[in-house]
file entry_13.cif (mmCIF, N, CA and C atoms)
data_work
loop_
_atom_site.group_PDB
_atom_site.id
_atom_site.type_symbol
_atom_site.label_atom_id
_atom_site.label_comp_id
_atom_site.auth_asym_id
_atom_site.auth_seq_id
_atom_site.Cartn_x
_atom_site.Cartn_y
_atom_site.Cartn_z
ATOM 1 N N MET E 1 66.352 -57.412 -26.999
ATOM 2 C CA MET E 1 67.041 -56.782 -25.909
ATOM 3 C C MET E 1 66.286 -56.993 -24.593
ATOM 4 N N PHE E 2 64.951 -56.869 -24.627
ATOM 5 C CA PHE E 2 64.150 -57.054 -23.417
ATOM 6 C C PHE E 2 64.308 -58.479 -22.891
ATOM 7 N N ALA E 3 64.278 -59.448 -23.797
ATOM 8 C CA ALA E 3 64.447 -60.848 -23.387
ATOM 9 C C ALA E 3 65.825 -61.048 -22.756
ATOM 10 N N ARG E 4 66.831 -60.407 -23.318
ATOM 11 C CA ARG E 4 68.191 -60.510 -22.764
ATOM 12 C C ARG E 4 68.235 -59.921 -21.346
ATOM 13 N N MET E 5 67.543 -58.824 -21.136
ATOM 14 C CA MET E 5 67.516 -58.205 -19.804
ATOM 15 C C MET E 5 66.852 -59.128 -18.784
ATOM 16 N N ILE E 6 65.841 -59.856 -19.222
ATOM 17 C CA ILE E 6 65.186 -60.821 -18.332
ATOM 18 C C ILE E 6 66.139 -61.969 -18.024
ATOM 19 N N LYS E 7 66.813 -62.485 -19.051
ATOM 20 C CA LYS E 7 67.762 -63.589 -18.849
ATOM 21 C C LYS E 7 68.916 -63.187 -17.932
ATOM 22 N N GLN E 8 69.302 -61.926 -17.977
ATOM 23 C CA GLN E 8 70.394 -61.434 -17.138
ATOM 24 C C GLN E 8 69.895 -60.993 -15.762
ATOM 25 N N ASN E 9 68.630 -61.248 -15.476
ATOM 26 C CA ASN E 9 68.000 -60.873 -14.207
ATOM 27 C C ASN E 9 68.024 -59.369 -13.942
ATOM 28 N N LYS E 10 68.045 -58.579 -15.003
ATOM 29 C CA LYS E 10 67.954 -57.130 -14.860
ATOM 30 C C LYS E 10 66.498 -56.688 -14.812
ATOM 31 N N VAL E 11 65.623 -57.535 -15.350
ATOM 32 C CA VAL E 11 64.179 -57.317 -15.310
ATOM 33 C C VAL E 11 63.541 -58.606 -14.814
ATOM 34 N N ASP E 12 62.618 -58.470 -13.870
ATOM 35 C CA ASP E 12 61.928 -59.631 -13.299
ATOM 36 C C ASP E 12 61.185 -60.391 -14.399
ATOM 37 N N PRO E 13 61.286 -61.719 -14.429
ATOM 38 C CA PRO E 13 60.595 -62.520 -15.448
ATOM 39 C C PRO E 13 59.081 -62.347 -15.470
ATOM 40 N N LYS E 14 58.505 -61.817 -14.393
ATOM 41 C CA LYS E 14 57.042 -61.624 -14.400
ATOM 42 C C LYS E 14 56.625 -60.588 -15.445
ATOM 43 N N TYR E 15 57.578 -59.835 -15.975
ATOM 44 C CA TYR E 15 57.271 -58.842 -17.008
ATOM 45 C C TYR E 15 57.512 -59.376 -18.422
ATOM 46 N N ALA E 16 57.812 -60.635 -18.555
ATOM 47 C CA ALA E 16 58.071 -61.225 -19.873
ATOM 48 C C ALA E 16 56.877 -61.081 -20.805
ATOM 49 N N HIS E 17 55.678 -60.969 -20.245
ATOM 50 C CA HIS E 17 54.475 -60.824 -21.072
ATOM 51 C C HIS E 17 54.475 -59.523 -21.882
ATOM 52 N N LEU E 18 55.368 -58.596 -21.564
ATOM 53 C CA LEU E 18 55.438 -57.325 -22.285
ATOM 54 C C LEU E 18 56.218 -57.432 -23.594
ATOM 55 N N ARG E 19 56.980 -58.489 -23.735
ATOM 56 C CA ARG E 19 57.832 -58.621 -24.920
ATOM 57 C C ARG E 19 57.043 -58.570 -26.235
ATOM 58 N N PRO E 20 55.920 -59.285 -26.372
ATOM 59 C CA PRO E 20 55.181 -59.187 -27.634
ATOM 60 C C PRO E 20 54.704 -57.763 -27.948
ATOM 61 N N LEU E 21 54.325 -57.021 -26.915
ATOM 62 C CA LEU E 21 53.911 -55.633 -27.132
ATOM 63 C C LEU E 21 55.078 -54.812 -27.665
ATOM 64 N N LEU E 22 56.248 -54.977 -27.068
ATOM 65 C CA LEU E 22 57.418 -54.231 -27.526
ATOM 66 C C LEU E 22 57.781 -54.606 -28.957
ATOM 67 N N THR E 23 57.663 -55.880 -29.276
ATOM 68 C CA THR E 23 57.964 -56.346 -30.637
ATOM 69 C C THR E 23 56.993 -55.733 -31.640
ATOM 70 N N ARG E 24 55.693 -55.765 -31.306
ATOM 71 C CA ARG E 24 54.679 -55.182 -32.208
ATOM 72 C C ARG E 24 54.874 -53.678 -32.355
ATOM 73 N N ALA E 25 55.163 -53.002 -31.241
ATOM 74 C CA ALA E 25 55.337 -51.552 -31.287
ATOM 75 C C ALA E 25 56.531 -51.165 -32.157
ATOM 76 N N ALA E 26 57.621 -51.891 -32.015
ATOM 77 C CA ALA E 26 58.807 -51.600 -32.829
ATOM 78 C C ALA E 26 58.519 -51.821 -34.314
ATOM 79 N N ALA E 27 57.783 -52.877 -34.630
ATOM 80 C CA ALA E 27 57.443 -53.158 -36.022
ATOM 81 C C ALA E 27 56.481 -52.107 -36.582
ATOM 82 N N ALA E 28 55.514 -51.695 -35.764
ATOM 83 C CA ALA E 28 54.518 -50.718 -36.219
ATOM 84 C C ALA E 28 55.118 -49.322 -36.361
ATOM 85 N N LYS E 29 56.134 -49.028 -35.572
ATOM 86 C CA LYS E 29 56.732 -47.694 -35.595
ATOM 87 C C LYS E 29 57.178 -47.300 -36.993
ATOM 88 N N SER E 30 57.835 -48.213 -37.692
ATOM 89 C CA SER E 30 58.303 -47.864 -39.035
ATOM 90 C C SER E 30 57.131 -47.607 -39.978
ATOM 91 N N ASP E 31 56.047 -48.359 -39.813
ATOM 92 C CA ASP E 31 54.868 -48.115 -40.649
ATOM 93 C C ASP E 31 54.316 -46.710 -40.418
ATOM 94 N N TYR E 32 54.229 -46.318 -39.175
ATOM 95 C CA TYR E 32 53.686 -44.999 -38.850
ATOM 96 C C TYR E 32 54.676 -43.883 -39.204
ATOM 97 N N ASP E 33 55.944 -44.087 -38.907
ATOM 98 C CA ASP E 33 56.946 -43.043 -39.136
ATOM 99 C C ASP E 33 57.332 -42.889 -40.606
ATOM 100 N N TYR E 34 57.661 -43.987 -41.237
ATOM 101 C CA TYR E 34 58.262 -43.905 -42.565
ATOM 102 C C TYR E 34 57.277 -44.109 -43.708
ATOM 103 N N LYS E 35 56.265 -44.914 -43.478
ATOM 104 C CA LYS E 35 55.310 -45.181 -44.548
ATOM 105 C C LYS E 35 54.084 -44.272 -44.480
ATOM 106 N N GLY E 36 53.960 -43.527 -43.390
ATOM 107 C CA GLY E 36 52.833 -42.612 -43.260
ATOM 108 C C GLY E 36 51.514 -43.291 -42.962
ATOM 109 N N THR E 37 51.564 -44.509 -42.466
ATOM 110 C CA THR E 37 50.352 -45.234 -42.125
ATOM 111 C C THR E 37 49.612 -44.486 -41.024
ATOM 112 N N GLU E 38 48.309 -44.413 -41.150
ATOM 113 C CA GLU E 38 47.493 -43.750 -40.139
ATOM 114 C C GLU E 38 46.731 -44.788 -39.338
ATOM 115 N N ALA E 39 46.527 -44.492 -38.081
ATOM 116 C CA ALA E 39 45.765 -45.392 -37.211
ATOM 117 C C ALA E 39 44.337 -44.874 -37.104
ATOM 118 N N GLY E 40 43.400 -45.807 -37.155
ATOM 119 C CA GLY E 40 42.010 -45.443 -36.930
ATOM 120 C C GLY E 40 41.777 -45.230 -35.439
ATOM 121 N N GLN E 41 40.597 -44.744 -35.116
ATOM 122 C CA GLN E 41 40.278 -44.434 -33.728
ATOM 123 C C GLN E 41 40.353 -45.659 -32.828
ATOM 124 N N GLU E 42 39.817 -46.769 -33.259
ATOM 125 C CA GLU E 42 39.835 -47.979 -32.428
ATOM 126 C C GLU E 42 41.249 -48.507 -32.241
ATOM 127 N N GLU E 43 42.027 -48.464 -33.311
ATOM 128 C CA GLU E 43 43.414 -48.914 -33.208
ATOM 129 C C GLU E 43 44.200 -48.012 -32.247
ATOM 130 N N ALA E 44 43.971 -46.713 -32.341
ATOM 131 C CA ALA E 44 44.650 -45.773 -31.446
ATOM 132 C C ALA E 44 44.252 -46.029 -29.994
ATOM 133 N N LYS E 45 42.974 -46.278 -29.748
ATOM 134 C CA LYS E 45 42.511 -46.572 -28.390
ATOM 135 C C LYS E 45 43.191 -47.822 -27.851
ATOM 136 N N GLN E 46 43.343 -48.852 -28.691
ATOM 137 C CA GLN E 46 43.993 -50.091 -28.275
ATOM 138 C C GLN E 46 45.452 -49.845 -27.913
ATOM 139 N N TRP E 47 46.157 -49.072 -28.751
ATOM 140 C CA TRP E 47 47.563 -48.745 -28.456
ATOM 141 C C TRP E 47 47.661 -47.997 -27.139
ATOM 142 N N ILE E 48 46.756 -47.049 -26.907
ATOM 143 C CA ILE E 48 46.784 -46.262 -25.663
ATOM 144 C C ILE E 48 46.588 -47.157 -24.454
ATOM 145 N N ARG E 49 45.647 -48.094 -24.541
ATOM 146 C CA ARG E 49 45.420 -49.029 -23.426
ATOM 147 C C ARG E 49 46.671 -49.866 -23.160
ATOM 148 N N GLU E 50 47.235 -50.429 -24.221
ATOM 149 C CA GLU E 50 48.392 -51.307 -24.068
ATOM 150 C C GLU E 50 49.616 -50.545 -23.578
ATOM 151 N N VAL E 51 49.830 -49.357 -24.105
ATOM 152 C CA VAL E 51 50.983 -48.564 -23.684
ATOM 153 C C VAL E 51 50.803 -48.113 -22.235
ATOM 154 N N GLY E 52 49.579 -47.822 -21.838
ATOM 155 C CA GLY E 52 49.313 -47.461 -20.445
ATOM 156 C C GLY E 52 49.723 -48.573 -19.495
ATOM 157 N N LYS E 53 49.387 -49.811 -19.865
ATOM 158 C CA LYS E 53 49.786 -50.966 -19.045
ATOM 159 C C LYS E 53 51.310 -51.100 -19.023
ATOM 160 N N PHE E 54 51.946 -50.853 -20.167
ATOM 161 C CA PHE E 54 53.401 -50.927 -20.224
ATOM 162 C C PHE E 54 54.030 -49.876 -19.317
ATOM 163 N N ILE E 55 53.510 -48.668 -19.353
ATOM 164 C CA ILE E 55 54.062 -47.589 -18.523
ATOM 165 C C ILE E 55 53.940 -47.940 -17.046
ATOM 166 N N GLU E 56 52.815 -48.491 -16.650
ATOM 167 C CA GLU E 56 52.661 -48.909 -15.245
ATOM 168 C C GLU E 56 53.682 -49.972 -14.870
ATOM 169 N N SER E 57 53.899 -50.931 -15.761
ATOM 170 C CA SER E 57 54.911 -51.962 -15.510
ATOM 171 C C SER E 57 56.305 -51.364 -15.453
ATOM 172 N N ALA E 58 56.595 -50.403 -16.341
ATOM 173 C CA ALA E 58 57.906 -49.751 -16.335
ATOM 174 C C ALA E 58 58.134 -49.032 -15.008
ATOM 175 N N LYS E 59 57.101 -48.398 -14.484
ATOM 176 C CA LYS E 59 57.223 -47.728 -13.183
ATOM 177 C C LYS E 59 57.569 -48.741 -12.100
ATOM 178 N N GLU E 60 56.918 -49.912 -12.147
ATOM 179 C CA GLU E 60 57.216 -50.966 -11.169
ATOM 180 C C GLU E 60 58.661 -51.435 -11.318
ATOM 181 N N ILE E 61 59.086 -51.654 -12.543
ATOM 182 C CA ILE E 61 60.444 -52.125 -12.805
ATOM 183 C C ILE E 61 61.467 -51.123 -12.265
ATOM 184 N N LEU E 62 61.183 -49.849 -12.454
ATOM 185 C CA LEU E 62 62.104 -48.797 -12.027
ATOM 186 C C LEU E 62 61.942 -48.431 -10.554
ATOM 187 N N GLY E 63 60.916 -49.008 -9.918
ATOM 188 C CA GLY E 63 60.698 -48.747 -8.493
ATOM 189 C C GLY E 63 60.103 -47.387 -8.203
ATOM 190 N N ARG E 64 59.238 -46.926 -9.080
ATOM 191 C CA ARG E 64 58.624 -45.602 -8.879
ATOM 192 C C ARG E 64 57.153 -45.693 -8.690
#
call {"tool": "encode", "arguments": {"input": "entry_13.cif", "output": "structure tokens"}}
result
Amino acid sequence: MFARMIKQNKVDPKYAHLRPLLTRAAAAKSDYDYKGTEAGQEEAKQWIREVGKFIESAKEILGR
């Protein structure tokens, strides 16, 4: 869906680098939600860093 939004010029192509993060997050979500997988401290720190960068980009995309 994100790639489609870029192709439709709804999202600037400079944010295309976020697509792998969104793909990984969507895949990991089911592991955490449904399989009960737990994240270690380092893994959690990495997710927080990456999601923080995503949130900043989302603010730019939304003009906030």
call {"tool": "closest_residue", "arguments": {"input": "entry_13.cif", "among": "E:Glu38, E:Glu43, E:Asp12, E:Asp33", "to": "E:Ile61", "atoms": "only N, CA and C atoms"}}
result
E:Asp12
call {"tool": "axis_aligned_box", "arguments": {"input": "entry_13.cif", "around": "stretch 29-45 of chain E", "padding_each_side": "3 Å", "output": "JSON"}}
result
{"center_x": 49.1, "center_y": -45.8, "center_z": -36.2, "size_x": 24.5, "size_y": 12.4, "size_z": 22.7}
call {"tool": "atom_distance", "arguments": {"input": "entry_13.cif", "atom1": "atom CA of E:Glu42", "atom2": "atom CA of E:Leu22"}}
result
19.3 Å
call {"tool": "select_by_dssp", "arguments": {"input": "entry_13.cif", "residues": "chain E", "states": "helix (DSSP H, G or I)", "output": "ChimeraX atom specification"}}
result
/E:2-7,13-33,41-62
call {"tool": "write_last_selection", "arguments": {"input": "entry_13.cif", "atoms": "N, CA and C atoms", "output": "short mmCIF file (atom, residue, chain, number, x, y, z; two decimals), keeping the file's coordinate frame"}}
result
data_model
loop_
_atom_site.label_atom_id
_atom_site.label_comp_id
_atom_site.auth_asym_id
_atom_site.auth_seq_id
_atom_site.Cartn_x
_atom_site.Cartn_y
_atom_site.Cartn_z
N PHE E 2 64.95 -56.87 -24.63
CA PHE E 2 64.15 -57.05 -23.42
C PHE E 2 64.31 -58.48 -22.89
N ALA E 3 64.28 -59.45 -23.80
CA ALA E 3 64.45 -60.85 -23.39
C ALA E 3 65.82 -61.05 -22.76
N ARG E 4 66.83 -60.41 -23.32
CA ARG E 4 68.19 -60.51 -22.76
C ARG E 4 68.24 -59.92 -21.35
N MET E 5 67.54 -58.82 -21.14
CA MET E 5 67.52 -58.20 -19.80
C MET E 5 66.85 -59.13 -18.78
N ILE E 6 65.84 -59.86 -19.22
CA ILE E 6 65.19 -60.82 -18.33
C ILE E 6 66.14 -61.97 -18.02
N LYS E 7 66.81 -62.48 -19.05
CA LYS E 7 67.76 -63.59 -18.85
C LYS E 7 68.92 -63.19 -17.93
N PRO E 13 61.29 -61.72 -14.43
CA PRO E 13 60.60 -62.52 -15.45
C PRO E 13 59.08 -62.35 -15.47
N LYS E 14 58.50 -61.82 -14.39
CA LYS E 14 57.04 -61.62 -14.40
C LYS E 14 56.62 -60.59 -15.44
N TYR E 15 57.58 -59.84 -15.98
CA TYR E 15 57.27 -58.84 -17.01
C TYR E 15 57.51 -59.38 -18.42
N ALA E 16 57.81 -60.64 -18.56
CA ALA E 16 58.07 -61.22 -19.87
C ALA E 16 56.88 -61.08 -20.80
N HIS E 17 55.68 -60.97 -20.24
CA HIS E 17 54.48 -60.82 -21.07
C HIS E 17 54.48 -59.52 -21.88
N LEU E 18 55.37 -58.60 -21.56
CA LEU E 18 55.44 -57.32 -22.28
C LEU E 18 56.22 -57.43 -23.59
N ARG E 19 56.98 -58.49 -23.74
CA ARG E 19 57.83 -58.62 -24.92
C ARG E 19 57.04 -58.57 -26.24
N PRO E 20 55.92 -59.28 -26.37
CA PRO E 20 55.18 -59.19 -27.63
C PRO E 20 54.70 -57.76 -27.95
N LEU E 21 54.32 -57.02 -26.92
CA LEU E 21 53.91 -55.63 -27.13
C LEU E 21 55.08 -54.81 -27.66
N LEU E 22 56.25 -54.98 -27.07
CA LEU E 22 57.42 -54.23 -27.53
C LEU E 22 57.78 -54.61 -28.96
N THR E 23 57.66 -55.88 -29.28
CA THR E 23 57.96 -56.35 -30.64
C THR E 23 56.99 -55.73 -31.64
N ARG E 24 55.69 -55.76 -31.31
CA ARG E 24 54.68 -55.18 -32.21
C ARG E 24 54.87 -53.68 -32.35
N ALA E 25 55.16 -53.00 -31.24
CA ALA E 25 55.34 -51.55 -31.29
C ALA E 25 56.53 -51.16 -32.16
N ALA E 26 57.62 -51.89 -32.02
CA ALA E 26 58.81 -51.60 -32.83
C ALA E 26 58.52 -51.82 -34.31
N ALA E 27 57.78 -52.88 -34.63
CA ALA E 27 57.44 -53.16 -36.02
C ALA E 27 56.48 -52.11 -36.58
N ALA E 28 55.51 -51.70 -35.76
CA ALA E 28 54.52 -50.72 -36.22
C ALA E 28 55.12 -49.32 -36.36
N LYS E 29 56.13 -49.03 -35.57
CA LYS E 29 56.73 -47.69 -35.60
C LYS E 29 57.18 -47.30 -36.99
N SER E 30 57.84 -48.21 -37.69
CA SER E 30 58.30 -47.86 -39.03
C SER E 30 57.13 -47.61 -39.98
N ASP E 31 56.05 -48.36 -39.81
CA ASP E 31 54.87 -48.12 -40.65
C ASP E 31 54.32 -46.71 -40.42
N TYR E 32 54.23 -46.32 -39.17
CA TYR E 32 53.69 -45.00 -38.85
C TYR E 32 54.68 -43.88 -39.20
N ASP E 33 55.94 -44.09 -38.91
CA ASP E 33 56.95 -43.04 -39.14
C ASP E 33 57.33 -42.89 -40.61
N GLN E 41 40.60 -44.74 -35.12
CA GLN E 41 40.28 -44.43 -33.73
C GLN E 41 40.35 -45.66 -32.83
N GLU E 42 39.82 -46.77 -33.26
CA GLU E 42 39.84 -47.98 -32.43
C GLU E 42 41.25 -48.51 -32.24
N GLU E 43 42.03 -48.46 -33.31
CA GLU E 43 43.41 -48.91 -33.21
C GLU E 43 44.20 -48.01 -32.25
N ALA E 44 43.97 -46.71 -32.34
CA ALA E 44 44.65 -45.77 -31.45
C ALA E 44 44.25 -46.03 -29.99
N LYS E 45 42.97 -46.28 -29.75
CA LYS E 45 42.51 -46.57 -28.39
C LYS E 45 43.19 -47.82 -27.85
N GLN E 46 43.34 -48.85 -28.69
CA GLN E 46 43.99 -50.09 -28.28
C GLN E 46 45.45 -49.84 -27.91
N TRP E 47 46.16 -49.07 -28.75
CA TRP E 47 47.56 -48.74 -28.46
C TRP E 47 47.66 -48.00 -27.14
N ILE E 48 46.76 -47.05 -26.91
CA ILE E 48 46.78 -46.26 -25.66
C ILE E 48 46.59 -47.16 -24.45
N ARG E 49 45.65 -48.09 -24.54
CA ARG E 49 45.42 -49.03 -23.43
C ARG E 49 46.67 -49.87 -23.16
N GLU E 50 47.24 -50.43 -24.22
CA GLU E 50 48.39 -51.31 -24.07
C GLU E 50 49.62 -50.54 -23.58
N VAL E 51 49.83 -49.36 -24.10
CA VAL E 51 50.98 -48.56 -23.68
C VAL E 51 50.80 -48.11 -22.24
N GLY E 52 49.58 -47.82 -21.84
CA GLY E 52 49.31 -47.46 -20.44
C GLY E 52 49.72 -48.57 -19.50
N LYS E 53 49.39 -49.81 -19.86
CA LYS E 53 49.79 -50.97 -19.05
C LYS E 53 51.31 -51.10 -19.02
N PHE E 54 51.95 -50.85 -20.17
CA PHE E 54 53.40 -50.93 -20.22
C PHE E 54 54.03 -49.88 -19.32
N ILE E 55 53.51 -48.67 -19.35
CA ILE E 55 54.06 -47.59 -18.52
C ILE E 55 53.94 -47.94 -17.05
N GLU E 56 52.82 -48.49 -16.65
CA GLU E 56 52.66 -48.91 -15.24
C GLU E 56 53.68 -49.97 -14.87
N SER E 57 53.90 -50.93 -15.76
CA SER E 57 54.91 -51.96 -15.51
C SER E 57 56.30 -51.36 -15.45
N ALA E 58 56.60 -50.40 -16.34
CA ALA E 58 57.91 -49.75 -16.34
C ALA E 58 58.13 -49.03 -15.01
N LYS E 59 57.10 -48.40 -14.48
CA LYS E 59 57.22 -47.73 -13.18
C LYS E 59 57.57 -48.74 -12.10
N GLU E 60 56.92 -49.91 -12.15
CA GLU E 60 57.22 -50.97 -11.17
C GLU E 60 58.66 -51.44 -11.32
N ILE E 61 59.09 -51.65 -12.54
CA ILE E 61 60.44 -52.12 -12.80
C ILE E 61 61.47 -51.12 -12.26
N LEU E 62 61.18 -49.85 -12.45
CA LEU E 62 62.10 -48.80 -12.03
C LEU E 62 61.94 -48.43 -10.55
#
